[in-house]
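Engineer: Below: one structure in C-alpha cells.
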Amino acid sequence: MHPNTEVSIMSTPECKYCPLTVDVVVQSSNGDRFGAHSKNLEFFTDAFPVTGSTLPPQNGEVVELSESSEIIHFMLAFTHNLPPPNVTALELGTLLVLGEAMKKYGMYLAIEESRMSR
C-alpha cells in the first residue's frame with residue numbers, strides 16, 4: 001500500500017468481509033495477515049496501485065504494513081461496498097491512529113464517514 005513497504009512470501013488468508021477472491025495479502029506490524037482485493041483497494045484508496053508496481057503481488061507475496069492488526073482490520077472494512085464499521089466505541093488514541101493511517105493511504109470516504117460517526 002505504501003512505496004516503502006516490504007514484501008515476503010506467505011500463504012493467502014481469506015477476506016473477512018466478502019467471498020471475493022483474495023489477490024492481495026497485507027500483514028500488520030504484529031504479523032497478522034489479511035486477505036484483500038486489488039480492485040477494492042484501488043477504488044477506495046489512493047495508495048493502490050503503487051505507481052510503477054506490479055501489484056497485485058503474485059504467488060503468495062505479502063505486503064507488510066507498519067500499522068497494527070486493529071487498524072488494518074478497520075481500514076479493510078472501509079474498502080468494501082458494505083455499511084461502514086462502527087468506530088464510535090474506539091478509544092480516542094486508536095481513532096487518531098486510524099485517522100492517520102486513512103490519511104496515509106488516501107482513504108477519504110473512510111475519513112469522512114469516521115468524522116460523521118463521532
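How things are named: the first chain in the C-alpha cells is A, the next is B, and so on; residues count from 1 in each chain; ligands count from 1 in the order shown.
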Applying 12 Å and only C-alpha atoms, which residues near Leu20 (chain A) remain after dropping the ones on its own chain fewer than 4 positions away? List them as a list in words.
Structural biologist: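 That gives Pro13, Glu14, Cys15, Lys16, Val24, Gly35, Ala36, His37, Ser38, Lys39, Asn40, His80 and Asn81 of chain A.
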Engineer: Quick one: residues within 12 Å of Ser29 (chain A), only C-alpha atoms counted, chain neighbours fewer than 2 positions away excluded, as a ChimeraX atom specification?
Structural biologist: /A:5-6,26-27,31-34,63-72
Engineer: One decimal, Å: what's the distance from CA of Leu90 (chain A) over to CA of Thr12 (chain A), could you say?
Structural biologist: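 A separation of 28.6 Å between them.
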Engineer: Let me make sure I understand: among A:Phe48, A:Phe78, A:Phe43, A:Tyr17, which one has the smallest atom-to-atom distance to Ile111 (chain A) if we use only C-alpha atoms?
Structural biologist: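 Using only C-alpha atoms, Ile111 (chain A) sits closest to A:Phe78.
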Engineer: For Gly99 (chain A), work out the shell of residues within 9 Å, counting only C-alpha atoms and skipping chain neighbours fewer than 3 positions away, then give it as a PDB file with C-alpha atoms, in the first residue's frame.
Structural biologist:
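Writing done, so here's selection-v9.pdb:
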```pdb
ATOM      1  CA  THR A  94      -6.946   4.365  18.464  1.00  0.00           C
ATOM      2  CA  LEU A  95      -9.256   6.617  16.462  1.00  0.00           C
ATOM      3  CA  LEU A  96      -6.432   9.125  15.942  1.00  0.00           C
ATOM      4  CA  MET A 102      -6.511   6.516   6.492  1.00  0.00           C
ATOM      5  CA  LYS A 103      -4.838   9.815   5.510  1.00  0.00           C
ATOM      6  CA  LYS A 104      -1.590   7.982   4.717  1.00  0.00           C
ATOM      7  CA  ALA A 110     -13.497   6.443   5.248  1.00  0.00           C
ATOM      8  CA  ILE A 111     -12.174   9.622   6.863  1.00  0.00           C
ATOM      9  CA  SER A 114     -15.446   8.404  10.665  1.00  0.00           C
TER      10      SER A 114
END
```
Engineer: How many Å lie between CA of Asp46 (chain A) and CA of Tyr105 (chain A), rounded to one decimal?
Structural biologist: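 So the two atoms, CA of Asp46 (chain A) and CA of Tyr105 (chain A), lie 5.9 Å apart.
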Engineer: Would you please work out which residue, of A:Leu109, A:Leu41, A:Val22, A:Leu82, is nearest to Val62 (chain A) when using only C-alpha atoms?
Structural biologist: A:Val22
Engineer: Taking into account only C-alpha atoms, which residue in the set A:Phe74, A:Glu113, A:Thr79, A:Asn30 is nearest to Leu98 (chain A)?
Structural biologist: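 Using only C-alpha atoms, Leu98 (chain A) sits closest to A:Phe74.
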Engineer: Calculate how many Å separate CA of Met107 (chain A) from CA of His73 (chain A), rounding to one decimal.
Structural biologist: 13.8 Å
